[in-house]
Amino acid sequence: MDRIVILNDSSVARGGATALALMAARDLAARGHRVTFLCGDAGDGGALAAAGVEVVALGGARLLETTALQALRRGVSNPDARRMVADWIAAQDTPGTVYHLHGWAQILSPEVFAALAPVAGRVLIHAHDMFLACPNGVYMDYPRHEVCTRVPLSASCLAANCDKRSYAHKLWRVARQARLRTRLDLSAGWGGILAIHPEMVPRLARAGYPPEMIETVRNPVEPFRTVRVAAEDNAGLVYVGRLEPDKGVGELVAAAARTGQALTLVGDGPMRAELEAQHPDIRITGWLPRAHIGPLVARARALVMPSRHPEPFALVIPEAVASGLPVVVSQTALMAEEVTRHGLGLAVDVFDPRAMDAALSRVRDMATDELRAMSLRGFSGQPALGLTRDAWIDALEAACGRLCPATVG
């Protein structure tokens with residue numbers, strides 16, 4: 001490989017996908033690869049350059065940071081993004097250049113696929129979410145509180161008012177999805193799609209992506225602690241994530257209050273002021289440095305991940321499990337089946353208050369030996385719900401290398 005080009009909406013981490021794109025850029029450069037980072041925003045102020053990564057920035061803004069009219073137009077089609085990527089390819093591409101696309105739905109838009117089409121055979125598309133397949137990105141019918149099983153862009157899909165905002169917003173997302181279908185022409189022979197969990201494969205296939213085009217590469221996981229959390233000796237629950245309705249925080253707070261359990265929320269978001277006003281007994285820490293999260297979760301009996309929508313890879317689940325902390329997860333999460341099958345925690349219908357109360361009460365009242373066994377199973381590392389950081393970079397290197405077989409020794 002002459003070079004690995006990483007493309008992503010942002011160069012500053014505001015979520016897991018961008019954090020992974022940045023990690024890949026830094027680690028691949030550290031392994032001696034020439035790495036270029038093409039981003040839709042204004043750049044990261046030199047942090048990537050200091051790590052030996054060339055940065056090419058569009059100078060754009062995320063959809064929520066623009067006017068409504070700009071978001072309507074640019075979210076479906078951003079010609080500036082297409083031009084930036086196409087110009088870089090025209091000037092810099094070589095037969096040994098591999099392209100790895102991460103996030104595109106916030107700035108780059110479906111036009112990034114049109115720019116990449118001439119080099120499609122050397123492009124890896126990382127599916128951090130379901131926006132490649134589903135208009136609302138999660139296969140969730142929000143008004144019905146149901147996981148969606150419709151075929152994307154089918155008649156039943158178009159008729160469904162499934163968006164968490166409004167049907168008008170759903171129609172805008174349908175327009176973006178239709179544009180994606182015209183730009184991501186599967187007959188072009190794209191290099192492949194990297195899914196972050198095996199349960200994503202049938203969901204991508206439902207939208208027409210051939211299963212043989214998809215490879216599962218689980219995300220890298222670093223435990224919150226390297227010393228086992230003695231959960232059996234603890235009381236109280238912990239949540240780590242954004243404080244917003246879609247994450248199920250409201251349901252968790254209500255259930256903890258009904259079952260009389262202490263709850264610590266690590267994170268921030270639009271619900272914080274409301275929660276602080278209505279539930280002064282709950283501890284809300286805001287965002288914490290990772291080094292401060294470990295000691296905090298060491299005092300918890302379980303971590304709760306109550307997202308309303310199907311989380312493809314909720315990182316806090318394997319982070320907690322690998323630390324020896326049992327988990328209570330939404331049954332919509334793609335990891336829910338693994339959690340229950342391997343005895344690492346419980347899965348629950350977060351839309352059913354009685355079920356939430358029963359799950360949290362069961363953790364509270366679980367016998368010491370049973371909870372300790374659950375903790376030990378997770379801390380043992382078997383089964384592993386994610387990869388180590390080195391193994392993840394190994395997998396990315398191998399996937400990129402397969403797109404340039406003539407250059408691999």
# chains A, B, ... in the order shown; residues from 1 in each chain; ligands from 1

$ residues_around --residues "Ala235 (chain A)" --least-positions-apart "2" --cutoff "12 Å" --atoms "only C-alpha atoms" --output "mmCIF file with N, CA and C atoms, in the first residue's frame"
data_model
loop_
_atom_site.group_PDB
_atom_site.id
_atom_site.type_symbol
_atom_site.label_atom_id
_atom_site.label_comp_id
_atom_site.auth_asym_id
_atom_site.auth_seq_id
_atom_site.Cartn_x
_atom_site.Cartn_y
_atom_site.Cartn_z
ATOM 1 N N VAL A 229 -14.016 -5.568 39.122
ATOM 2 C CA VAL A 229 -15.002 -4.920 39.981
ATOM 3 C C VAL A 229 -15.683 -6.000 40.832
ATOM 4 N N ALA A 230 -15.553 -5.910 42.133
ATOM 5 C CA ALA A 230 -16.196 -6.880 43.028
ATOM 6 C C ALA A 230 -17.666 -6.492 43.174
ATOM 7 N N ALA A 231 -18.413 -6.696 42.106
ATOM 8 C CA ALA A 231 -19.798 -6.222 42.049
ATOM 9 C C ALA A 231 -20.654 -6.816 43.155
ATOM 10 N N GLU A 232 -20.330 -8.040 43.551
ATOM 11 C CA GLU A 232 -21.138 -8.722 44.571
ATOM 12 C C GLU A 232 -21.080 -8.020 45.922
ATOM 13 N N ASP A 233 -20.080 -7.161 46.122
ATOM 14 C CA ASP A 233 -19.952 -6.435 47.387
ATOM 15 C C ASP A 233 -20.558 -5.032 47.322
ATOM 16 N N LEU A 237 -26.394 1.534 40.955
ATOM 17 C CA LEU A 237 -26.288 1.356 39.509
ATOM 18 C C LEU A 237 -25.523 2.518 38.893
ATOM 19 N N VAL A 238 -24.947 2.268 37.719
ATOM 20 C CA VAL A 238 -24.229 3.318 37.015
ATOM 21 C C VAL A 238 -24.624 3.304 35.543
ATOM 22 N N GLY A 260 -35.881 1.974 44.541
ATOM 23 C CA GLY A 260 -35.114 2.456 45.680
ATOM 24 C C GLY A 260 -33.625 2.230 45.575
ATOM 25 N N GLN A 261 -33.056 2.397 44.366
ATOM 26 C CA GLN A 261 -31.635 2.146 44.186
ATOM 27 C C GLN A 261 -30.885 3.431 43.853
ATOM 28 N N ALA A 262 -29.689 3.545 44.394
ATOM 29 C CA ALA A 262 -28.833 4.678 44.070
ATOM 30 C C ALA A 262 -28.401 4.579 42.609
ATOM 31 N N LEU A 263 -28.302 5.724 41.965
ATOM 32 C CA LEU A 263 -27.950 5.749 40.550
ATOM 33 C C LEU A 263 -26.970 6.879 40.293
ATOM 34 N N THR A 264 -25.902 6.574 39.566
ATOM 35 C CA THR A 264 -24.929 7.574 39.149
ATOM 36 C C THR A 264 -24.944 7.655 37.628
ATOM 37 N N VAL A 297 -16.951 3.258 38.697
ATOM 38 C CA VAL A 297 -17.702 2.030 38.425
ATOM 39 C C VAL A 297 -17.297 0.918 39.383
ATOM 40 N N ALA A 298 -16.137 1.051 40.008
ATOM 41 C CA ALA A 298 -15.695 0.027 40.961
ATOM 42 C C ALA A 298 -16.632 -0.086 42.151
ATOM 43 N N ARG A 299 -17.468 0.940 42.359
ATOM 44 C CA ARG A 299 -18.389 0.932 43.490
ATOM 45 C C ARG A 299 -19.808 0.538 43.088
ATOM 46 N N ALA A 300 -20.014 0.151 41.824
ATOM 47 C CA ALA A 300 -21.358 -0.156 41.320
ATOM 48 C C ALA A 300 -21.632 -1.654 41.345
ATOM 49 N N ARG A 301 -22.891 -1.989 41.403
ATOM 50 C CA ARG A 301 -23.319 -3.393 41.342
ATOM 51 C C ARG A 301 -23.580 -3.819 39.903
ATOM 52 N N ALA A 302 -23.978 -2.878 39.044
ATOM 53 C CA ALA A 302 -24.233 -3.184 37.633
ATOM 54 C C ALA A 302 -24.231 -1.892 36.831
ATOM 55 N N LEU A 303 -23.920 -2.009 35.561
ATOM 56 C CA LEU A 303 -24.061 -0.902 34.616
ATOM 57 C C LEU A 303 -25.333 -1.141 33.810
ATOM 58 N N LEU A 325 -18.032 -6.033 35.620
ATOM 59 C CA LEU A 325 -19.261 -5.389 36.058
ATOM 60 C C LEU A 325 -20.448 -5.957 35.278
ATOM 61 N N LEU A 360 -34.003 -4.504 37.451
ATOM 62 C CA LEU A 360 -33.158 -3.799 38.419
ATOM 63 C C LEU A 360 -33.279 -4.425 39.812
ATOM 64 N N SER A 361 -34.469 -4.880 40.142
ATOM 65 C CA SER A 361 -34.645 -5.540 41.444
ATOM 66 C C SER A 361 -33.906 -6.872 41.490
ATOM 67 N N VAL A 363 -31.128 -7.651 39.961
ATOM 68 C CA VAL A 363 -29.706 -7.375 40.191
ATOM 69 C C VAL A 363 -29.470 -7.010 41.648
ATOM 70 N N ARG A 364 -30.334 -6.182 42.197
ATOM 71 C CA ARG A 364 -30.193 -5.757 43.595
ATOM 72 C C ARG A 364 -30.252 -6.945 44.553
ATOM 73 N N ASP A 365 -31.158 -7.892 44.273
ATOM 74 C CA ASP A 365 -31.409 -8.988 45.204
ATOM 75 C C ASP A 365 -30.670 -10.276 44.850
ATOM 76 N N MET A 366 -29.861 -10.261 43.792
ATOM 77 C CA MET A 366 -29.188 -11.481 43.350
ATOM 78 C C MET A 366 -28.238 -11.989 44.434
ATOM 79 N N THR A 368 -25.092 -13.439 46.370
ATOM 80 C CA THR A 368 -23.692 -13.036 46.234
ATOM 81 C C THR A 368 -22.934 -13.965 45.301
ATOM 82 N N LEU A 371 -23.977 -13.397 41.544
ATOM 83 C CA LEU A 371 -23.476 -12.158 40.968
ATOM 84 C C LEU A 371 -21.959 -12.205 40.806
#

$ select_by_dssp --residues "region 270-404 of chain A" --states "alpha helix (DSSP H)" --output "ChimeraX atom specification"
/A:272-278,290-297,316-322,336-341,353-365,368-379,389-402

$ closest_residue --among "A:Val147, A:Met1, A:Ile107, A:Met374" --to "Gly60 (chain A)" --atoms "only C-alpha atoms"
A:Ile107

$ closest_residue --among "A:Phe379, A:Cys400, A:Pro143, A:Asp390" --to "Phe351 (chain A)" --atoms "only C-alpha atoms"
A:Pro143

$ select_by_dssp --residues "region 120-283 of chain A" --states "strand (DSSP E or B)" --output "NGL selection string"
:A and (123-127 or 140-141 or 146-147 or 192-195 or 214-216 or 220 or 237-240 or 263-266 or 283)

$ write_last_selection --atoms "N, CA and C atoms" --output "PDB file, in the first residue's frame"
ATOM      1  N   VAL A 123     -11.988   0.851  -1.934  1.00  0.00           N
ATOM      2  CA  VAL A 123     -12.693   1.595  -0.883  1.00  0.00           C
ATOM      3  C   VAL A 123     -13.327   0.632   0.116  1.00  0.00           C
ATOM      4  N   LEU A 124     -13.016   0.834   1.398  1.00  0.00           N
ATOM      5  CA  LEU A 124     -13.688   0.147   2.498  1.00  0.00           C
ATOM      6  C   LEU A 124     -14.681   1.118   3.116  1.00  0.00           C
ATOM      7  N   ILE A 125     -15.889   0.656   3.359  1.00  0.00           N
ATOM      8  CA  ILE A 125     -16.933   1.475   3.959  1.00  0.00           C
ATOM      9  C   ILE A 125     -17.212   0.923   5.352  1.00  0.00           C
ATOM     10  N   HIS A 126     -16.971   1.721   6.376  1.00  0.00           N
ATOM     11  CA  HIS A 126     -17.156   1.257   7.756  1.00  0.00           C
ATOM     12  C   HIS A 126     -18.586   1.564   8.193  1.00  0.00           C
ATOM     13  N   ALA A 127     -19.346   0.548   8.486  1.00  0.00           N
ATOM     14  CA  ALA A 127     -20.736   0.722   8.918  1.00  0.00           C
ATOM     15  C   ALA A 127     -20.774   0.815  10.434  1.00  0.00           C
ATOM     16  N   MET A 140     -35.548   1.491  13.596  1.00  0.00           N
ATOM     17  CA  MET A 140     -36.408   1.632  14.763  1.00  0.00           C
ATOM     18  C   MET A 140     -37.665   2.397  14.386  1.00  0.00           C
ATOM     19  N   ASP A 141     -38.824   1.857  14.763  1.00  0.00           N
ATOM     20  CA  ASP A 141     -40.088   2.567  14.621  1.00  0.00           C
ATOM     21  C   ASP A 141     -40.343   3.249  15.961  1.00  0.00           C
ATOM     22  N   GLU A 146     -40.977  -0.095  18.534  1.00  0.00           N
ATOM     23  CA  GLU A 146     -40.697  -1.408  17.971  1.00  0.00           C
ATOM     24  C   GLU A 146     -39.476  -1.341  17.059  1.00  0.00           C
ATOM     25  N   VAL A 147     -38.701  -2.429  17.068  1.00  0.00           N
ATOM     26  CA  VAL A 147     -37.636  -2.569  16.083  1.00  0.00           C
ATOM     27  C   VAL A 147     -38.271  -2.780  14.718  1.00  0.00           C
ATOM     28  N   GLY A 192     -15.531  -3.277  -0.057  1.00  0.00           N
ATOM     29  CA  GLY A 192     -16.205  -4.026   0.995  1.00  0.00           C
ATOM     30  C   GLY A 192     -16.776  -3.123   2.068  1.00  0.00           C
ATOM     31  N   ILE A 193     -17.605  -3.711   2.902  1.00  0.00           N
ATOM     32  CA  ILE A 193     -18.207  -3.027   4.039  1.00  0.00           C
ATOM     33  C   ILE A 193     -17.723  -3.709   5.313  1.00  0.00           C
ATOM     34  N   LEU A 194     -17.294  -2.926   6.277  1.00  0.00           N
ATOM     35  CA  LEU A 194     -16.898  -3.444   7.588  1.00  0.00           C
ATOM     36  C   LEU A 194     -18.024  -3.178   8.569  1.00  0.00           C
ATOM     37  N   ALA A 195     -18.682  -4.229   9.037  1.00  0.00           N
ATOM     38  CA  ALA A 195     -19.739  -4.119  10.043  1.00  0.00           C
ATOM     39  C   ALA A 195     -19.115  -4.296  11.425  1.00  0.00           C
ATOM     40  N   ILE A 214     -19.697  -8.034   2.978  1.00  0.00           N
ATOM     41  CA  ILE A 214     -19.636  -7.510   4.343  1.00  0.00           C
ATOM     42  C   ILE A 214     -18.718  -8.381   5.200  1.00  0.00           C
ATOM     43  N   GLU A 215     -17.837  -7.741   5.925  1.00  0.00           N
ATOM     44  CA  GLU A 215     -16.948  -8.412   6.887  1.00  0.00           C
ATOM     45  C   GLU A 215     -17.192  -7.807   8.262  1.00  0.00           C
ATOM     46  N   THR A 216     -17.262  -8.649   9.282  1.00  0.00           N
ATOM     47  CA  THR A 216     -17.463  -8.144  10.640  1.00  0.00           C
ATOM     48  C   THR A 216     -16.122  -7.904  11.312  1.00  0.00           C
ATOM     49  N   PRO A 220     -12.678  -1.991  18.969  1.00  0.00           N
ATOM     50  CA  PRO A 220     -11.716  -2.215  20.057  1.00  0.00           C
ATOM     51  C   PRO A 220     -12.336  -1.839  21.401  1.00  0.00           C
ATOM     52  N   LEU A 237     -26.394   1.534  40.955  1.00  0.00           N
ATOM     53  CA  LEU A 237     -26.288   1.356  39.509  1.00  0.00           C
ATOM     54  C   LEU A 237     -25.523   2.518  38.893  1.00  0.00           C
ATOM     55  N   VAL A 238     -24.947   2.268  37.719  1.00  0.00           N
ATOM     56  CA  VAL A 238     -24.229   3.318  37.015  1.00  0.00           C
ATOM     57  C   VAL A 238     -24.624   3.304  35.543  1.00  0.00           C
ATOM     58  N   TYR A 239     -24.671   4.493  34.960  1.00  0.00           N
ATOM     59  CA  TYR A 239     -24.942   4.670  33.529  1.00  0.00           C
ATOM     60  C   TYR A 239     -23.840   5.562  32.978  1.00  0.00           C
ATOM     61  N   VAL A 240     -23.337   5.217  31.789  1.00  0.00           N
ATOM     62  CA  VAL A 240     -22.310   6.029  31.130  1.00  0.00           C
ATOM     63  C   VAL A 240     -22.780   6.339  29.718  1.00  0.00           C
ATOM     64  N   LEU A 263     -28.302   5.724  41.965  1.00  0.00           N
ATOM     65  CA  LEU A 263     -27.950   5.749  40.550  1.00  0.00           C
ATOM     66  C   LEU A 263     -26.970   6.879  40.293  1.00  0.00           C
ATOM     67  N   THR A 264     -25.902   6.574  39.566  1.00  0.00           N
ATOM     68  CA  THR A 264     -24.929   7.574  39.149  1.00  0.00           C
ATOM     69  C   THR A 264     -24.944   7.655  37.628  1.00  0.00           C
ATOM     70  N   LEU A 265     -25.095   8.855  37.105  1.00  0.00           N
ATOM     71  CA  LEU A 265     -25.086   9.084  35.661  1.00  0.00           C
ATOM     72  C   LEU A 265     -23.782   9.769  35.289  1.00  0.00           C
ATOM     73  N   VAL A 266     -22.996   9.112  34.456  1.00  0.00           N
ATOM     74  CA  VAL A 266     -21.739   9.685  33.973  1.00  0.00           C
ATOM     75  C   VAL A 266     -21.976  10.152  32.541  1.00  0.00           C
ATOM     76  N   ARG A 283     -26.893  11.217  41.407  1.00  0.00           N
ATOM     77  CA  ARG A 283     -25.588  11.836  41.182  1.00  0.00           C
ATOM     78  C   ARG A 283     -25.327  11.919  39.677  1.00  0.00           C
TER      79      ARG A 283
END

$ closest_residue --among "A:Tyr139, A:Glu319, A:Tyr167, A:Ala188" --to "Val119 (chain A)" --atoms "only C-alpha atoms"
A:Ala188

$ closest_residue --among "A:Glu111, A:Asp357, A:Asp41, A:Asp129" --to "Arg73 (chain A)" --atoms "only C-alpha atoms"
A:Glu111

$ atom_distance --atom1 "CA of Gly52 (chain A)" --atom2 "CA of Ala120 (chain A)"
26.0 Å

$ closest_residue --among "A:Glu274, A:Gly401, A:Arg203, A:Ala13" --to "Val138 (chain A)" --atoms "only C-alpha atoms"
A:Arg203

$ closest_residue --among "A:Gly40, A:Gly45, A:Pro280, A:Gly269" --to "Leu63 (chain A)" --atoms "only C-alpha atoms"
A:Gly40

$ residues_around --residues "Pro95 (chain A)" --least-positions-apart "4" --cutoff "12 Å" --atoms "only C-alpha atoms" --output "list in words"
Met1, Asp2, Arg3, Ile4, Ile89, Tyr99, Pro118, Val119, Ala120, Gly121, Arg122, Val123, Leu403, Cys404, Pro405, Ala406 and Thr407 of chain A

$ residues_around --residues "Asp246 (chain A)" --least-positions-apart "6" --cutoff "8 Å" --atoms "only C-alpha atoms" --output "list in words"
Ser307, Arg308 and His309 of chain A

$ residues_around --residues "region 173-185 of chain A" --least-positions-apart "6" --cutoff "9 Å" --atoms "only C-alpha atoms" --output "number ranges by chain"
A: 75-77, 109-115, 117, 131-136, 152-153, 158

$ closest_atom_pairs --of "region 335-397 of chain A" --to "region 310-318 of chain A" --cutoff "9 Å" --atoms "only C-alpha atoms" --output "CSV"
residue,atom,partner,partner_atom,distance
A:Met335,CA,A:Phe313,CA,7.0
A:Val339,CA,A:Ile317,CA,8.8
A:Gly378,CA,A:Pro318,CA,8.5
A:Ala384,CA,A:Pro318,CA,7.9
A:Leu385,CA,A:Pro318,CA,5.7
A:Gly386,CA,A:Pro318,CA,6.7

$ atom_distance --atom1 "CA of Arg354 (chain A)" --atom2 "CA of Gly250 (chain A)"
14.6 Å

$ atom_distance --atom1 "CA of Leu38 (chain A)" --atom2 "CA of Thr97 (chain A)"
13.6 Å

$ residues_around --residues "Ala47 (chain A)" --least-positions-apart "3" --cutoff "10 Å" --atoms "only C-alpha atoms" --output "ChimeraX atom specification"
/A:11-12,22,26,43-44,50-53,55

$ residues_around --residues "Trp392 (chain A)" --least-positions-apart "4" --cutoff "9 Å" --atoms "only C-alpha atoms" --output "list in words"
Ala24, Val217, Arg218, Asn219, Pro220, Gly386, Leu387, Thr388, Leu396 and Glu397 of chain A

$ write_last_selection --atoms "C-alpha atoms" --output "PDB file, in the first residue's frame"
ATOM      1  CA  ALA A  24      -7.115   4.286  13.145  1.00  0.00           C
ATOM      2  CA  VAL A 217     -14.725  -6.329  12.544  1.00  0.00           C
ATOM      3  CA  ARG A 218     -15.791  -5.691  16.129  1.00  0.00           C
ATOM      4  CA  ASN A 219     -14.725  -2.437  17.751  1.00  0.00           C
ATOM      5  CA  PRO A 220     -11.716  -2.215  20.057  1.00  0.00           C
ATOM      6  CA  GLY A 386     -14.820  -6.784  21.201  1.00  0.00           C
ATOM      7  CA  LEU A 387     -11.219  -6.707  20.017  1.00  0.00           C
ATOM      8  CA  THR A 388      -8.072  -5.372  21.612  1.00  0.00           C
ATOM      9  CA  LEU A 396      -7.931  -2.942   9.390  1.00  0.00           C
ATOM     10  CA  GLU A 397      -4.452  -3.490   7.952  1.00  0.00           C
TER      11      GLU A 397
END
